[in-house]
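Notes follow the structure.
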Amino acid sequence: MNEQSLFTAALGLSAPWEVASVQFDQEQGRIDFKLKFRRGSKFSCAACGLESQPLHDTKPRTWRHLNFFQYEAYIHADVPRTKCTACGKVIQVPVAWASSGSGFTLLFEALVLTLCRVMPVNSVAQLLCVGADALWVILKRHVTQARRQEDFSKVRRVGIDETASRRGHNYITLVHDMDARRLIFGCSGRDQATIASFVKDLKAHQGDPLAINAACIDMSKAYIAGVSKPLPNADITFDPFHIIQLANQALEVVRRDEVKYEPILKKSRWIWLKDQSKWSVKQSRLFKSLPKARLLTARAWRLKQSLRELFQTAQSAAEAALLFDAWYSWARRCRLEPFKRLATTLLAHRQGILNGFDSGLSNGYVEGANSLIQAAKAKARGYRRSENMITIAYLLLGKLEHLPRSPFNTRCSV
Ligand SMILES: [Zn+2]
C-alpha cells in the first residue's frame, strides 16, 4: 500500500475520491491532504437526484479534520458542481466527509460535540485552536438537526422549570419529559408565551397537548395561568425542590434580619441552606456551638427541615395531607413573618403540592436536572446568551438520539 492509498483508507474515502498528495509541515505543525476525484467521474444532481450528471466546474474547499498525532490536519479538494440535464440547476456535489457549508469534517464536529459535553466551550476552543464562535455554530447546527428528528408522541408528564441565564436577568424556561427524564424544550422568557411556544414545538414533534396529564411547575403565577389553557388535561403539581427553595428564601430573610444583632450568625449562611448531609466538619462544629434554642434562624431552619421531611416520608397524598396541615398550623403560629407568608402561599397551592405524591412526580428528577443546568451554565461561560445556554442544556440533558457519535471508541465515549 502506497502512502496515498493508505491515507485514502484511513480517511474513509470511497470512489471516486482518493488522496492525491500529502504535505507535512513540521514547523507549522500541520499536515495537509489534497483529495481528487477520478477524471471523467459523473455525479448525481444534488437538487433532483438524477444520476450521472456531467461536471460543470469545481470550487476549491478546505476542511479542518481531526488532528494527526499532534499536528493539525486539513483536507483540501476541488469540489465539483454539476449542471443537471433534467432540472437545469448548477449545484455543488455533497461530500461524504463534511456537512454542506461547514469548514470542518464530520469527524471533527463529532469530536467537538464529545468535548463540549464535558468541558466549557471556551476551553474546547483553546484545546482545538478554533474560535469559540465556530464551535457554537457547530453545536447549534447539530442540536437543531438532531431535535428536528425527535418524536414527542409519548410525552405524558412534563416538568416546567425556569432558570436565570445571567444573575437576575434573561430567564429561560425549560420543559422536561418527566418519564423519559430528559429535556425536550427550552426557550427564553418565563411567561405564558413560553408555554405557548412549547405547545407549538410539541405539536411539531408529533406530540399531543391534550395527552399531557400532569405538569410539574414552580409556583409562579405566569406558569399556572399559562398551563391550564394550552394543556387542559394536565393536573398541576408543584415540585418539592421548588418548595424547599421557597423555604430557603424565607429562612434567609429571617437570618439576614437576625444577624444584625446576633453576630454569632455571621458566616453561618450555608449551614442553614445546605442539606445536613453535605455539611463539612467545620460546619457541623459551628452548628453544634450555636445557641439554637434562642435563635430565630434555628426555628426557621426547623420549619424548613420539617417541610423537607414531609416530602421524604409521606407515601401518599392522604398521608402528605395530614403532615401538611400540621406543618401549616405550626408555621402560622411560629411568629416568623416570612414563614407565615410561606404557609399562606403553600396553603393556596395545597392541592397541587399533594397531587405530586400520587402522580409520582416528586421523584427528584427536577433537582438532578437543576444541577446539570448549573453545569451547562458553567460550560457556556462567557457566552451567556440564552440561546447558547439552551444549546448546551440540550446537549447535556436532551438525550438526543441523532447526534454524531464520538469519533473514538464508543465503549469509553463520554
Ligand atoms: Zn437535477
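Identifiers in the C-alpha cells: chain A, B, ... in order shown; residue index from 1 per chain; ligand index from 1 in order shown.
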Set out as a Markdown table a contact list for chain A and ligand 1 with a cut-off of 7 Å, giving each residue of chain A that qualifies its closest atom pair and distance in Å to one decimal, counting only C-alpha atoms and all ligand atoms, ordered by chain and rising residue number.
| residue | atom | partner | partner_atom_place_in_ligand_line | distance |
| --- | --- | --- | --- | --- |
| A:Cys45 | CA | ligand 1 | 1 (Zn) | 4.6 |
| A:Ala46 | CA | ligand 1 | 1 (Zn) | 6.7 |
| A:Ala47 | CA | ligand 1 | 1 (Zn) | 5.0 |
| A:Cys48 | CA | ligand 1 | 1 (Zn) | 4.1 |
| A:Gly49 | CA | ligand 1 | 1 (Zn) | 6.0 |
| A:Leu50 | CA | ligand 1 | 1 (Zn) | 5.6 |
| A:Cys84 | CA | ligand 1 | 1 (Zn) | 4.5 |
| A:Thr85 | CA | ligand 1 | 1 (Zn) | 6.7 |
| A:Ala86 | CA | ligand 1 | 1 (Zn) | 5.3 |
| A:Cys87 | CA | ligand 1 | 1 (Zn) | 4.1 |
| A:Gly88 | CA | ligand 1 | 1 (Zn) | 6.1 |
| A:Lys89 | CA | ligand 1 | 1 (Zn) | 5.9 |
Please produce a file of the residues just selected, as a PDB file, in the first residue's frame, where the atoms kept are N, CA and C atoms.
ATOM      1  N   CYS A  45     -27.198  14.710  -9.445  1.00  0.00           N
ATOM      2  CA  CYS A  45     -27.623  16.092  -9.200  1.00  0.00           C
ATOM      3  C   CYS A  45     -28.136  16.177  -7.756  1.00  0.00           C
ATOM      4  N   ALA A  46     -27.563  17.123  -6.974  1.00  0.00           N
ATOM      5  CA  ALA A  46     -27.944  17.236  -5.567  1.00  0.00           C
ATOM      6  C   ALA A  46     -29.338  17.841  -5.414  1.00  0.00           C
ATOM      7  N   ALA A  47     -29.871  18.429  -6.476  1.00  0.00           N
ATOM      8  CA  ALA A  47     -31.200  19.039  -6.373  1.00  0.00           C
ATOM      9  C   ALA A  47     -32.301  18.022  -6.650  1.00  0.00           C
ATOM     10  N   CYS A  48     -32.175  17.270  -7.772  1.00  0.00           N
ATOM     11  CA  CYS A  48     -33.278  16.367  -8.127  1.00  0.00           C
ATOM     12  C   CYS A  48     -32.889  14.894  -8.044  1.00  0.00           C
ATOM     13  N   GLY A  49     -31.601  14.618  -7.824  1.00  0.00           N
ATOM     14  CA  GLY A  49     -31.192  13.231  -7.622  1.00  0.00           C
ATOM     15  C   GLY A  49     -30.849  12.472  -8.905  1.00  0.00           C
ATOM     16  N   LEU A  50     -31.001  13.099 -10.053  1.00  0.00           N
ATOM     17  CA  LEU A  50     -30.707  12.409 -11.317  1.00  0.00           C
ATOM     18  C   LEU A  50     -29.230  12.006 -11.380  1.00  0.00           C
ATOM     19  N   CYS A  84     -27.341  20.066 -14.251  1.00  0.00           N
ATOM     20  CA  CYS A  84     -28.259  18.954 -14.447  1.00  0.00           C
ATOM     21  C   CYS A  84     -28.945  19.037 -15.806  1.00  0.00           C
ATOM     22  N   THR A  85     -28.996  17.888 -16.479  1.00  0.00           N
ATOM     23  CA  THR A  85     -29.644  17.858 -17.794  1.00  0.00           C
ATOM     24  C   THR A  85     -31.169  17.840 -17.644  1.00  0.00           C
ATOM     25  N   ALA A  86     -31.656  17.497 -16.473  1.00  0.00           N
ATOM     26  CA  ALA A  86     -33.116  17.479 -16.279  1.00  0.00           C
ATOM     27  C   ALA A  86     -33.624  18.788 -15.672  1.00  0.00           C
ATOM     28  N   CYS A  87     -33.122  19.130 -14.431  1.00  0.00           N
ATOM     29  CA  CYS A  87     -33.678  20.312 -13.760  1.00  0.00           C
ATOM     30  C   CYS A  87     -32.918  21.595 -14.106  1.00  0.00           C
ATOM     31  N   GLY A  88     -31.776  21.444 -14.748  1.00  0.00           N
ATOM     32  CA  GLY A  88     -31.041  22.607 -15.222  1.00  0.00           C
ATOM     33  C   GLY A  88     -30.234  23.333 -14.162  1.00  0.00           C
ATOM     34  N   LYS A  89     -30.296  22.867 -12.894  1.00  0.00           N
ATOM     35  CA  LYS A  89     -29.617  23.592 -11.824  1.00  0.00           C
ATOM     36  C   LYS A  89     -28.121  23.326 -11.816  1.00  0.00           C
TER      37      LYS A  89
END
_If we count only C-alpha atoms and set the cut-off at 10 Å, which residues sit around A:Ala318, ignoring sequence neighbours fewer than 6 positions away in its own chain? Please answer as a list in words._
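The residues that qualify are Phe324, Leu354, Asn355, Phe357 and Asp358 of chain A.
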With N, CA and C atoms kept, could you save the residues just selected as a PDB file, in the first residue's frame?
ATOM      1  N   PHE A 324     -48.990  17.931  56.062  1.00  0.00           N
ATOM      2  CA  PHE A 324     -49.004  19.308  55.580  1.00  0.00           C
ATOM      3  C   PHE A 324     -49.840  20.195  56.498  1.00  0.00           C
ATOM      4  N   LEU A 354     -50.066  18.319  46.948  1.00  0.00           N
ATOM      5  CA  LEU A 354     -50.462  16.939  47.261  1.00  0.00           C
ATOM      6  C   LEU A 354     -50.551  16.072  45.998  1.00  0.00           C
ATOM      7  N   ASN A 355     -50.956  16.672  44.879  1.00  0.00           N
ATOM      8  CA  ASN A 355     -51.031  15.927  43.612  1.00  0.00           C
ATOM      9  C   ASN A 355     -49.726  15.205  43.312  1.00  0.00           C
ATOM     10  N   PHE A 357     -47.730  13.692  45.135  1.00  0.00           N
ATOM     11  CA  PHE A 357     -47.472  12.429  45.844  1.00  0.00           C
ATOM     12  C   PHE A 357     -48.109  11.239  45.147  1.00  0.00           C
ATOM     13  N   ASP A 358     -49.279  11.452  44.554  1.00  0.00           N
ATOM     14  CA  ASP A 358     -49.924  10.338  43.865  1.00  0.00           C
ATOM     15  C   ASP A 358     -49.424  10.159  42.446  1.00  0.00           C
TER      16      ASP A 358
END
*Determine the nearest neighbour of A:Ile353 from the options A:Phe24, A:Phe241, A:Tyr365, A:Phe43, counting only C-alpha atoms.*
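Among the listed residues, the smallest separation from A:Ile353 belongs to A:Phe241.
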*Selection: 12 Å around A:Lys203, only C-alpha atoms, excl. self and same-chain fewer than 3 positions, as a list in words*: Arg148, Glu150, Asp151, Phe152, Ser153, Lys154, Val155, Phe185, Ala196, Ser197, Phe198, Val199, Lys200, Gln206, Gly207, Asp208, Pro209, Leu210, Ala211, Ile212 and Pro230 of chain A
Take the residues from that selection and put them in a file with C-alpha atoms, as a short mmCIF file (atom, residue, chain, number, x, y, z; two decimals), in the first residue's frame.
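Contents of part_36.cif, freshly written:
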data_model
loop_
_atom_site.label_atom_id
_atom_site.label_comp_id
_atom_site.auth_asym_id
_atom_site.auth_seq_id
_atom_site.Cartn_x
_atom_site.Cartn_y
_atom_site.Cartn_z
CA ARG A 148 -35.84 18.00 14.31
CA GLU A 150 -37.20 13.78 17.86
CA ASP A 151 -40.61 12.25 18.46
CA PHE A 152 -42.64 13.58 21.40
CA SER A 153 -45.77 11.49 20.77
CA LYS A 154 -45.26 9.56 24.03
CA VAL A 155 -44.83 12.59 26.29
CA PHE A 185 -37.80 22.13 25.10
CA ALA A 196 -47.45 28.55 24.01
CA SER A 197 -44.08 28.14 22.22
CA PHE A 198 -43.62 24.81 23.97
CA VAL A 199 -47.02 23.57 22.81
CA LYS A 200 -46.22 24.63 19.25
CA GLN A 206 -45.89 14.60 16.86
CA GLY A 207 -46.79 15.47 20.47
CA ASP A 208 -50.37 16.00 21.62
CA PRO A 209 -51.03 18.75 24.19
CA LEU A 210 -54.31 17.04 25.14
CA ALA A 211 -52.38 13.89 26.08
CA ILE A 212 -50.33 15.73 28.71
CA PRO A 230 -52.89 25.03 26.37
#
*From stretch 221-378 of chain A, collect each residue whose DSSP state is strand (DSSP E or B) and return the set as a list in words.*
Asp235, Ile236, Thr237 and Phe238 of chain A
Expected file contents, prior selection, N, CA and C atoms, as a CSV table (one decimal), in the first residue's frame:
chain,number,residue,atom,x,y,z
A,235,ASP,N,-53.0,17.8,35.3
A,235,ASP,CA,-53.0,18.1,36.7
A,235,ASP,C,-51.8,18.9,37.1
A,236,ILE,N,-52.0,20.1,37.7
A,236,ILE,CA,-50.8,20.8,38.1
A,236,ILE,C,-50.2,20.3,39.4
A,237,THR,N,-48.9,20.1,39.4
A,237,THR,CA,-48.3,19.7,40.7
A,237,THR,C,-47.1,20.6,40.9
A,238,PHE,N,-46.7,20.7,42.2
A,238,PHE,CA,-45.6,21.6,42.5
A,238,PHE,C,-44.4,20.7,43.0
_Nearest to A:Asn213 by atom-to-atom distance, counting only C-alpha atoms, from A:Asp191, A:Asp177, A:Asp201, A:Glu387_ =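 The closest residue to A:Asn213 is A:Asp177.
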